[in-house]
Amino acid sequence: MKKLVMFVTLILLIGAVWFFLRTKPDDTKVEKLVLTGSSTVAPLAAEIGKRFETLHSNVRVDVQTGGSSRGVSDARAGLADIGMASRSLKEDEKDLLSFTIALDGISVILNKANPVEALNKQQIVDIYTGRITNWKDVGGNDAAITVVNKAEGRSTLELFLHYFGLKNTDIKPQVVIGDNQQGIKTVMGNPNAIAYVSVGTAEYESSQGAAIKLLPLESIAASVENLRNRSFPLSRPLNLVTRGEPAGLAKDFIEFARLPQVNDLVEAQYFVPVPR
Amino acid sequence: MSLSLADKQLAALLWGCALLAAALVLLVLLFLFKESWPVLQHIALIRFFNDTSWHPVDGLYKLTPMLSATFYSTLGAVMLAAPLGIASALFSRYYAPSFLAGCYRRLIELLAGIPSVVYGFWGLTTLAPLIGRLHPPGVSLLTGILVLTLMILPTIALTADAALAAVPAAYLRGAASLGLSRWGLISGVTLPAARPGVTAGIMLAAGRAIGETMAVLMVAGNVVQQPHSLYDSVRTLTANIALEMAYATGDHRAALFVSGLALMCVVLLLVGMAELMSQERRHV
């Protein structure tokens, strides 16, 4: 009994000591690189940052979110070494430099069994706002449409709303999903569903035999190929933004983020690497 | 009565462990308060009930549809799983031949060990399309209830089984000497004697159903609305947090912590109710 008590106490003691020693910061000549901005770019930047840190042992990459506008203003004010923006720079932001690290695009998807082959912009708007509720109104079967929307805060939702000029409060969904996979599974299981997901994921899943089809938009096929040549309309660049020509660590990081050896990280986030 | 040295040491250790557990709960509550404080500061509490909808990015924070979704899905699952679970326990205790009872119990234990995401995946790819044929879109309150039922059934079955096993053998012998039938024995002696244990098991299962996130998120449809039928798509509080937390910032994030706080209050209410019920019984 006594031994057991001693043993447990010892373990707890060791645990406590380890805990306190571990959290002690070691600030021996650590260089810090601060990135702020878009929550779409942030997860990718954080992943690239982790790999960058393994190559530069004395560097800490600090990624903070707060929206593209914050990224731009922080970069301009010098509060961040690099700003992150999930859009191109506006006219009044041309005093800054932007470097595209990936492309993001979304595609409307239907079940393979659905006879509808294409929808125009207005039809998609009407379906999502609940003005069209039956597939027969757009040339399909006589069946109720299941509208699949994304959860609030997702960048895919933001881009979709922006492109179609909608507000999230206007949308009348029957299903709300989190990630792209859930959207694809939902459409696979429901022949009357309509959803939108990242082009990268949708194309990969459909090539793996998932029972979905990607609808063209403005007569342009939704594919990674068309994203890459920038002809697909529902897309946006993911940019790193700096004030003036980047130098030192910031320059190294931006160059690293555009190398082919981080393409796997880009693809893991369902974005499309920029052609070199 | 004086304690020996070993007893004192053990007591100190146990005190430490108990304090740690209690402190953790308080810390969680404190953390939830701290994180939801930014939004509670400038938004009246009533708006979480009176706003027109849940669109936190546009400053609308209505939580009540999700509260009722959590309530209905849990209630439905418990109402389905409790009779099934108790029946399964009675079967394995009193009706099944002993070799079958052993196998059956292992099987239920296995069911309890299946991760919730597996149930969710099965629900999304198999159950939802089936229900969708009946009444689209398929992902609905009903699908959520059915998946939750499957998940909490083993908890109820196993705790009820343990409670039945703990009924003193003297009761059984007494009942047998009175010449009671097997059903008479069950309904008149063992079930009343095992009731506290069975109730505790049901409460435990209800707690699991309230807290379940992934499975419900995959099969319930997640539209924030007051359900009018079993086929309506609903979003529970836990699903709300899991869906939106990853990409939420500022007030949106704080509002999600408020939904966490609301969930904690529901659980506290449930625990309180269970405590009250068991006390009442003690006084009878």
# chains A, B, ... in the order shown; residues from 1 in each chain; ligands from 1

$ interface_residues --of "chain A" --to "chain B" --cutoff "8 Å" --atoms "only C-alpha atoms" --output "PyMOL selection string"
chain A and resi 1-2+5+9+39+65-66+144+146+151-154+168-169+173-178+182+185-186+189-190+193

$ residues_around --residues "Gly200 (chain A)" --least-positions-apart "6" --cutoff "7 Å" --atoms "only C-alpha atoms" --output "MDAnalysis selection string"
chainID A and resid 224 270:272

$ atom_distance --atom1 "CA of Gly260 (chain B)" --atom2 "CA of Val147 (chain B)"
22.3 Å

$ atom_distance --atom1 "CA of Ala193 (chain B)" --atom2 "CA of Glu109 (chain B)"
23.8 Å

$ closest_residue --among "B:Arg182, B:Tyr72, B:Leu26, B:Leu40" --to "Phe91 (chain B)" --atoms "only C-alpha atoms"
B:Arg182

$ select_by_dssp --residues "region 196-271 of chain A" --states "alpha helix (DSSP H)" --output "PyMOL selection string"
chain A and resi 199-207+224-228+248-257+263-268

$ write_last_selection --atoms "N, CA and C atoms" --output "PDB file, in the first residue's frame"
ATOM      1  N   VAL A 199     -13.325  22.563 -56.097  1.00  0.00           N
ATOM      2  CA  VAL A 199     -13.119  21.889 -57.378  1.00  0.00           C
ATOM      3  C   VAL A 199     -12.116  20.745 -57.218  1.00  0.00           C
ATOM      4  N   GLY A 200     -11.037  21.005 -56.485  1.00  0.00           N
ATOM      5  CA  GLY A 200      -9.993  19.989 -56.306  1.00  0.00           C
ATOM      6  C   GLY A 200     -10.538  18.694 -55.741  1.00  0.00           C
ATOM      7  N   THR A 201     -11.319  18.807 -54.652  1.00  0.00           N
ATOM      8  CA  THR A 201     -11.887  17.620 -54.018  1.00  0.00           C
ATOM      9  C   THR A 201     -12.880  16.927 -54.937  1.00  0.00           C
ATOM     10  N   ALA A 202     -13.769  17.714 -55.542  1.00  0.00           N
ATOM     11  CA  ALA A 202     -14.826  17.132 -56.373  1.00  0.00           C
ATOM     12  C   ALA A 202     -14.220  16.365 -57.541  1.00  0.00           C
ATOM     13  N   GLU A 203     -13.223  16.963 -58.184  1.00  0.00           N
ATOM     14  CA  GLU A 203     -12.628  16.298 -59.341  1.00  0.00           C
ATOM     15  C   GLU A 203     -11.950  15.002 -58.922  1.00  0.00           C
ATOM     16  N   TYR A 204     -11.236  15.057 -57.787  1.00  0.00           N
ATOM     17  CA  TYR A 204     -10.551  13.850 -57.318  1.00  0.00           C
ATOM     18  C   TYR A 204     -11.557  12.748 -56.997  1.00  0.00           C
ATOM     19  N   GLU A 205     -12.598  13.082 -56.231  1.00  0.00           N
ATOM     20  CA  GLU A 205     -13.577  12.078 -55.819  1.00  0.00           C
ATOM     21  C   GLU A 205     -14.301  11.495 -57.026  1.00  0.00           C
ATOM     22  N   SER A 206     -14.633  12.347 -57.990  1.00  0.00           N
ATOM     23  CA  SER A 206     -15.368  11.834 -59.140  1.00  0.00           C
ATOM     24  C   SER A 206     -14.465  10.950 -59.993  1.00  0.00           C
ATOM     25  N   SER A 207     -13.157  11.253 -60.033  1.00  0.00           N
ATOM     26  CA  SER A 207     -12.238  10.376 -60.761  1.00  0.00           C
ATOM     27  C   SER A 207     -12.060   9.047 -60.026  1.00  0.00           C
ATOM     28  N   VAL A 224      -9.686  21.295 -62.451  1.00  0.00           N
ATOM     29  CA  VAL A 224      -8.448  21.869 -61.949  1.00  0.00           C
ATOM     30  C   VAL A 224      -7.684  22.531 -63.100  1.00  0.00           C
ATOM     31  N   GLU A 225      -7.795  21.898 -64.291  1.00  0.00           N
ATOM     32  CA  GLU A 225      -7.147  22.425 -65.485  1.00  0.00           C
ATOM     33  C   GLU A 225      -7.602  23.876 -65.757  1.00  0.00           C
ATOM     34  N   ASN A 226      -8.939  24.068 -65.738  1.00  0.00           N
ATOM     35  CA  ASN A 226      -9.476  25.401 -66.025  1.00  0.00           C
ATOM     36  C   ASN A 226      -9.239  26.390 -64.890  1.00  0.00           C
ATOM     37  N   LEU A 227      -9.044  25.851 -63.675  1.00  0.00           N
ATOM     38  CA  LEU A 227      -8.656  26.725 -62.563  1.00  0.00           C
ATOM     39  C   LEU A 227      -7.255  27.244 -62.814  1.00  0.00           C
ATOM     40  N   ARG A 228      -6.407  26.308 -63.242  1.00  0.00           N
ATOM     41  CA  ARG A 228      -4.996  26.620 -63.431  1.00  0.00           C
ATOM     42  C   ARG A 228      -4.810  27.676 -64.518  1.00  0.00           C
ATOM     43  N   GLY A 248      14.996  39.351 -46.505  1.00  0.00           N
ATOM     44  CA  GLY A 248      15.336  38.508 -45.361  1.00  0.00           C
ATOM     45  C   GLY A 248      14.432  37.294 -45.237  1.00  0.00           C
ATOM     46  N   LEU A 249      13.961  37.107 -44.015  1.00  0.00           N
ATOM     47  CA  LEU A 249      13.152  35.936 -43.698  1.00  0.00           C
ATOM     48  C   LEU A 249      11.853  35.899 -44.506  1.00  0.00           C
ATOM     49  N   ALA A 250      11.199  37.069 -44.652  1.00  0.00           N
ATOM     50  CA  ALA A 250       9.948  37.135 -45.401  1.00  0.00           C
ATOM     51  C   ALA A 250      10.163  36.675 -46.840  1.00  0.00           C
ATOM     52  N   LYS A 251      11.280  37.092 -47.415  1.00  0.00           N
ATOM     53  CA  LYS A 251      11.606  36.708 -48.797  1.00  0.00           C
ATOM     54  C   LYS A 251      11.789  35.192 -48.883  1.00  0.00           C
ATOM     55  N   ASP A 252      12.550  34.648 -47.901  1.00  0.00           N
ATOM     56  CA  ASP A 252      12.781  33.197 -47.884  1.00  0.00           C
ATOM     57  C   ASP A 252      11.449  32.449 -47.801  1.00  0.00           C
ATOM     58  N   PHE A 253      10.567  32.940 -46.912  1.00  0.00           N
ATOM     59  CA  PHE A 253       9.307  32.241 -46.705  1.00  0.00           C
ATOM     60  C   PHE A 253       8.447  32.262 -47.963  1.00  0.00           C
ATOM     61  N   ILE A 254       8.346  33.428 -48.593  1.00  0.00           N
ATOM     62  CA  ILE A 254       7.499  33.545 -49.792  1.00  0.00           C
ATOM     63  C   ILE A 254       8.054  32.670 -50.916  1.00  0.00           C
ATOM     64  N   GLU A 255       9.375  32.665 -51.049  1.00  0.00           N
ATOM     65  CA  GLU A 255       9.973  31.804 -52.082  1.00  0.00           C
ATOM     66  C   GLU A 255       9.678  30.335 -51.791  1.00  0.00           C
ATOM     67  N   PHE A 256       9.804  29.982 -50.496  1.00  0.00           N
ATOM     68  CA  PHE A 256       9.555  28.593 -50.093  1.00  0.00           C
ATOM     69  C   PHE A 256       8.107  28.198 -50.369  1.00  0.00           C
ATOM     70  N   ALA A 257       7.169  29.133 -50.089  1.00  0.00           N
ATOM     71  CA  ALA A 257       5.744  28.841 -50.252  1.00  0.00           C
ATOM     72  C   ALA A 257       5.364  28.642 -51.713  1.00  0.00           C
ATOM     73  N   ASN A 263       3.683  21.661 -52.766  1.00  0.00           N
ATOM     74  CA  ASN A 263       2.453  21.368 -53.502  1.00  0.00           C
ATOM     75  C   ASN A 263       1.551  20.378 -52.777  1.00  0.00           C
ATOM     76  N   ASP A 264       2.181  19.410 -52.070  1.00  0.00           N
ATOM     77  CA  ASP A 264       1.367  18.425 -51.352  1.00  0.00           C
ATOM     78  C   ASP A 264       0.565  19.104 -50.250  1.00  0.00           C
ATOM     79  N   LEU A 265       1.152  20.127 -49.610  1.00  0.00           N
ATOM     80  CA  LEU A 265       0.422  20.855 -48.567  1.00  0.00           C
ATOM     81  C   LEU A 265      -0.749  21.623 -49.182  1.00  0.00           C
ATOM     82  N   VAL A 266      -0.503  22.231 -50.332  1.00  0.00           N
ATOM     83  CA  VAL A 266      -1.560  22.979 -51.035  1.00  0.00           C
ATOM     84  C   VAL A 266      -2.708  22.045 -51.385  1.00  0.00           C
ATOM     85  N   GLU A 267      -2.351  20.877 -51.931  1.00  0.00           N
ATOM     86  CA  GLU A 267      -3.394  19.935 -52.343  1.00  0.00           C
ATOM     87  C   GLU A 267      -4.129  19.331 -51.153  1.00  0.00           C
ATOM     88  N   ALA A 268      -3.415  19.172 -50.025  1.00  0.00           N
ATOM     89  CA  ALA A 268      -4.066  18.627 -48.837  1.00  0.00           C
ATOM     90  C   ALA A 268      -5.175  19.547 -48.338  1.00  0.00           C
TER      91      ALA A 268
END

$ select_by_dssp --residues "region 41-273 of chain A" --states "strand (DSSP E or B)" --output "PyMOL selection string"
chain A and resi 59-65+82-85+96-111+134+144+146-150+175-177+193-198+212-214+217+220+235-243+272-273

$ atom_distance --atom1 "CA of Thr213 (chain B)" --atom2 "CA of Ser259 (chain B)"
13.4 Å

$ closest_residue --among "B:Met79, B:Leu237, B:Leu270, B:Ile145" --to "Ala255 (chain B)" --atoms "only C-alpha atoms"
B:Leu237

$ closest_residue --among "A:Pro191, A:Arg230, A:Ile14, A:Val138" --to "Ala118 (chain A)" --atoms "only C-alpha atoms"
A:Val138

$ closest_residue --among "B:Met66, B:Thr159, B:Ile210, B:Leu75" --to "Arg195 (chain B)" --atoms "only C-alpha atoms"
B:Thr159

$ closest_residue --among "B:Leu45, B:Leu134, B:Leu148, B:Cys17" --to "Val216 (chain B)" --atoms "only C-alpha atoms"
B:Leu148

$ residues_around --residues "Lys167 (chain A)" --least-positions-apart "3" --cutoff "12 Å" --atoms "only C-alpha atoms" --output "count of residues only"
18

$ residues_around --residues "region 167-178 of chain B" --least-positions-apart "3" --cutoff "7 Å" --atoms "only C-alpha atoms" --output "list in words"
Ala163, Leu164, Leu185, Thr190, Ala193 and Ala194 of chain B

$ write_last_selection --atoms "N, CA and C atoms" --output "mmCIF file, in the first residue's frame"
data_model
loop_
_atom_site.group_PDB
_atom_site.id
_atom_site.type_symbol
_atom_site.label_atom_id
_atom_site.label_comp_id
_atom_site.auth_asym_id
_atom_site.auth_seq_id
_atom_site.Cartn_x
_atom_site.Cartn_y
_atom_site.Cartn_z
ATOM 1 N N ALA B 163 -27.177 -3.851 -12.968
ATOM 2 C CA ALA B 163 -28.088 -3.557 -11.863
ATOM 3 C C ALA B 163 -28.909 -4.799 -11.511
ATOM 4 N N LEU B 164 -29.330 -5.538 -12.536
ATOM 5 C CA LEU B 164 -30.107 -6.760 -12.293
ATOM 6 C C LEU B 164 -29.235 -7.807 -11.594
ATOM 7 N N LEU B 185 -41.563 -12.650 -10.801
ATOM 8 C CA LEU B 185 -40.297 -12.361 -10.133
ATOM 9 C C LEU B 185 -39.682 -11.076 -10.685
ATOM 10 N N THR B 190 -37.278 -8.098 -8.924
ATOM 11 C CA THR B 190 -35.953 -7.641 -9.364
ATOM 12 C C THR B 190 -35.986 -6.249 -10.002
ATOM 13 N N ALA B 193 -36.181 -3.587 -7.392
ATOM 14 C CA ALA B 193 -34.946 -3.542 -6.617
ATOM 15 C C ALA B 193 -33.807 -2.931 -7.427
ATOM 16 N N ALA B 194 -33.849 -3.144 -8.758
ATOM 17 C CA ALA B 194 -32.743 -2.672 -9.603
ATOM 18 C C ALA B 194 -33.002 -1.267 -10.141
#

$ decode --residues "region 174-202 of chain B" --atoms "N, CA and C atoms" --output "PDB file, in the first residue's frame"
ATOM      1  N   GLY B 174     -36.298 -15.872  -2.003  1.00  0.00           N
ATOM      2  CA  GLY B 174     -37.564 -15.566  -1.344  1.00  0.00           C
ATOM      3  C   GLY B 174     -38.719 -15.624  -2.323  1.00  0.00           C
ATOM      4  N   ALA B 175     -38.483 -15.008  -3.508  1.00  0.00           N
ATOM      5  CA  ALA B 175     -39.531 -14.983  -4.526  1.00  0.00           C
ATOM      6  C   ALA B 175     -39.819 -16.391  -5.016  1.00  0.00           C
ATOM      7  N   ALA B 176     -38.743 -17.170  -5.196  1.00  0.00           N
ATOM      8  CA  ALA B 176     -38.912 -18.536  -5.685  1.00  0.00           C
ATOM      9  C   ALA B 176     -39.717 -19.361  -4.679  1.00  0.00           C
ATOM     10  N   SER B 177     -39.463 -19.158  -3.381  1.00  0.00           N
ATOM     11  CA  SER B 177     -40.165 -19.944  -2.357  1.00  0.00           C
ATOM     12  C   SER B 177     -41.637 -19.569  -2.288  1.00  0.00           C
ATOM     13  N   LEU B 178     -41.968 -18.356  -2.780  1.00  0.00           N
ATOM     14  CA  LEU B 178     -43.381 -17.973  -2.834  1.00  0.00           C
ATOM     15  C   LEU B 178     -44.062 -18.542  -4.068  1.00  0.00           C
ATOM     16  N   GLY B 179     -43.269 -19.182  -4.941  1.00  0.00           N
ATOM     17  CA  GLY B 179     -43.830 -19.794  -6.137  1.00  0.00           C
ATOM     18  C   GLY B 179     -44.175 -18.798  -7.215  1.00  0.00           C
ATOM     19  N   LEU B 180     -43.472 -17.645  -7.259  1.00  0.00           N
ATOM     20  CA  LEU B 180     -43.745 -16.654  -8.301  1.00  0.00           C
ATOM     21  C   LEU B 180     -43.283 -17.161  -9.664  1.00  0.00           C
ATOM     22  N   SER B 181     -44.008 -16.759 -10.697  1.00  0.00           N
ATOM     23  CA  SER B 181     -43.576 -17.095 -12.050  1.00  0.00           C
ATOM     24  C   SER B 181     -42.346 -16.241 -12.382  1.00  0.00           C
ATOM     25  N   ARG B 182     -41.706 -16.536 -13.504  1.00  0.00           N
ATOM     26  CA  ARG B 182     -40.508 -15.781 -13.839  1.00  0.00           C
ATOM     27  C   ARG B 182     -40.846 -14.304 -14.072  1.00  0.00           C
ATOM     28  N   TRP B 183     -41.950 -14.080 -14.771  1.00  0.00           N
ATOM     29  CA  TRP B 183     -42.335 -12.693 -15.018  1.00  0.00           C
ATOM     30  C   TRP B 183     -42.773 -12.012 -13.715  1.00  0.00           C
ATOM     31  N   GLY B 184     -43.433 -12.771 -12.844  1.00  0.00           N
ATOM     32  CA  GLY B 184     -43.812 -12.219 -11.544  1.00  0.00           C
ATOM     33  C   GLY B 184     -42.580 -11.810 -10.754  1.00  0.00           C
ATOM     34  N   LEU B 185     -41.563 -12.650 -10.801  1.00  0.00           N
ATOM     35  CA  LEU B 185     -40.297 -12.361 -10.133  1.00  0.00           C
ATOM     36  C   LEU B 185     -39.682 -11.076 -10.685  1.00  0.00           C
ATOM     37  N   ILE B 186     -39.702 -10.959 -12.032  1.00  0.00           N
ATOM     38  CA  ILE B 186     -39.082  -9.788 -12.662  1.00  0.00           C
ATOM     39  C   ILE B 186     -39.850  -8.517 -12.330  1.00  0.00           C
ATOM     40  N   SER B 187     -41.167  -8.541 -12.562  1.00  0.00           N
ATOM     41  CA  SER B 187     -41.933  -7.308 -12.411  1.00  0.00           C
ATOM     42  C   SER B 187     -42.141  -6.947 -10.951  1.00  0.00           C
ATOM     43  N   GLY B 188     -42.228  -7.961 -10.073  1.00  0.00           N
ATOM     44  CA  GLY B 188     -42.529  -7.649  -8.681  1.00  0.00           C
ATOM     45  C   GLY B 188     -41.310  -7.490  -7.791  1.00  0.00           C
ATOM     46  N   VAL B 189     -40.191  -8.127  -8.157  1.00  0.00           N
ATOM     47  CA  VAL B 189     -39.050  -8.128  -7.243  1.00  0.00           C
ATOM     48  C   VAL B 189     -37.801  -7.486  -7.851  1.00  0.00           C
ATOM     49  N   THR B 190     -37.278  -8.098  -8.924  1.00  0.00           N
ATOM     50  CA  THR B 190     -35.953  -7.641  -9.364  1.00  0.00           C
ATOM     51  C   THR B 190     -35.986  -6.249 -10.002  1.00  0.00           C
ATOM     52  N   LEU B 191     -36.990  -5.950 -10.842  1.00  0.00           N
ATOM     53  CA  LEU B 191     -36.994  -4.628 -11.492  1.00  0.00           C
ATOM     54  C   LEU B 191     -37.115  -3.502 -10.468  1.00  0.00           C
ATOM     55  N   PRO B 192     -38.063  -3.601  -9.504  1.00  0.00           N
ATOM     56  CA  PRO B 192     -38.108  -2.544  -8.488  1.00  0.00           C
ATOM     57  C   PRO B 192     -36.806  -2.447  -7.697  1.00  0.00           C
ATOM     58  N   ALA B 193     -36.181  -3.587  -7.392  1.00  0.00           N
ATOM     59  CA  ALA B 193     -34.946  -3.542  -6.617  1.00  0.00           C
ATOM     60  C   ALA B 193     -33.807  -2.931  -7.427  1.00  0.00           C
ATOM     61  N   ALA B 194     -33.849  -3.144  -8.758  1.00  0.00           N
ATOM     62  CA  ALA B 194     -32.743  -2.672  -9.603  1.00  0.00           C
ATOM     63  C   ALA B 194     -33.002  -1.267 -10.141  1.00  0.00           C
ATOM     64  N   ARG B 195     -34.144  -0.665  -9.772  1.00  0.00           N
ATOM     65  CA  ARG B 195     -34.540   0.587 -10.406  1.00  0.00           C
ATOM     66  C   ARG B 195     -33.498   1.704 -10.300  1.00  0.00           C
ATOM     67  N   PRO B 196     -32.890   1.933  -9.127  1.00  0.00           N
ATOM     68  CA  PRO B 196     -31.901   3.024  -9.072  1.00  0.00           C
ATOM     69  C   PRO B 196     -30.773   2.831 -10.081  1.00  0.00           C
ATOM     70  N   GLY B 197     -30.284   1.604 -10.197  1.00  0.00           N
ATOM     71  CA  GLY B 197     -29.201   1.331 -11.140  1.00  0.00           C
ATOM     72  C   GLY B 197     -29.632   1.544 -12.572  1.00  0.00           C
ATOM     73  N   VAL B 198     -30.842   1.095 -12.898  1.00  0.00           N
ATOM     74  CA  VAL B 198     -31.348   1.241 -14.263  1.00  0.00           C
ATOM     75  C   VAL B 198     -31.528   2.720 -14.586  1.00  0.00           C
ATOM     76  N   THR B 199     -32.097   3.483 -13.629  1.00  0.00           N
ATOM     77  CA  THR B 199     -32.289   4.920 -13.861  1.00  0.00           C
ATOM     78  C   THR B 199     -30.948   5.612 -14.073  1.00  0.00           C
ATOM     79  N   ALA B 200     -29.972   5.259 -13.249  1.00  0.00           N
ATOM     80  CA  ALA B 200     -28.641   5.869 -13.398  1.00  0.00           C
ATOM     81  C   ALA B 200     -28.094   5.587 -14.789  1.00  0.00           C
ATOM     82  N   GLY B 201     -28.296   4.361 -15.276  1.00  0.00           N
ATOM     83  CA  GLY B 201     -27.822   4.002 -16.610  1.00  0.00           C
ATOM     84  C   GLY B 201     -28.491   4.828 -17.682  1.00  0.00           C
ATOM     85  N   ILE B 202     -29.806   5.049 -17.526  1.00  0.00           N
ATOM     86  CA  ILE B 202     -30.537   5.836 -18.517  1.00  0.00           C
ATOM     87  C   ILE B 202     -30.046   7.285 -18.522  1.00  0.00           C
TER      88      ILE B 202
END
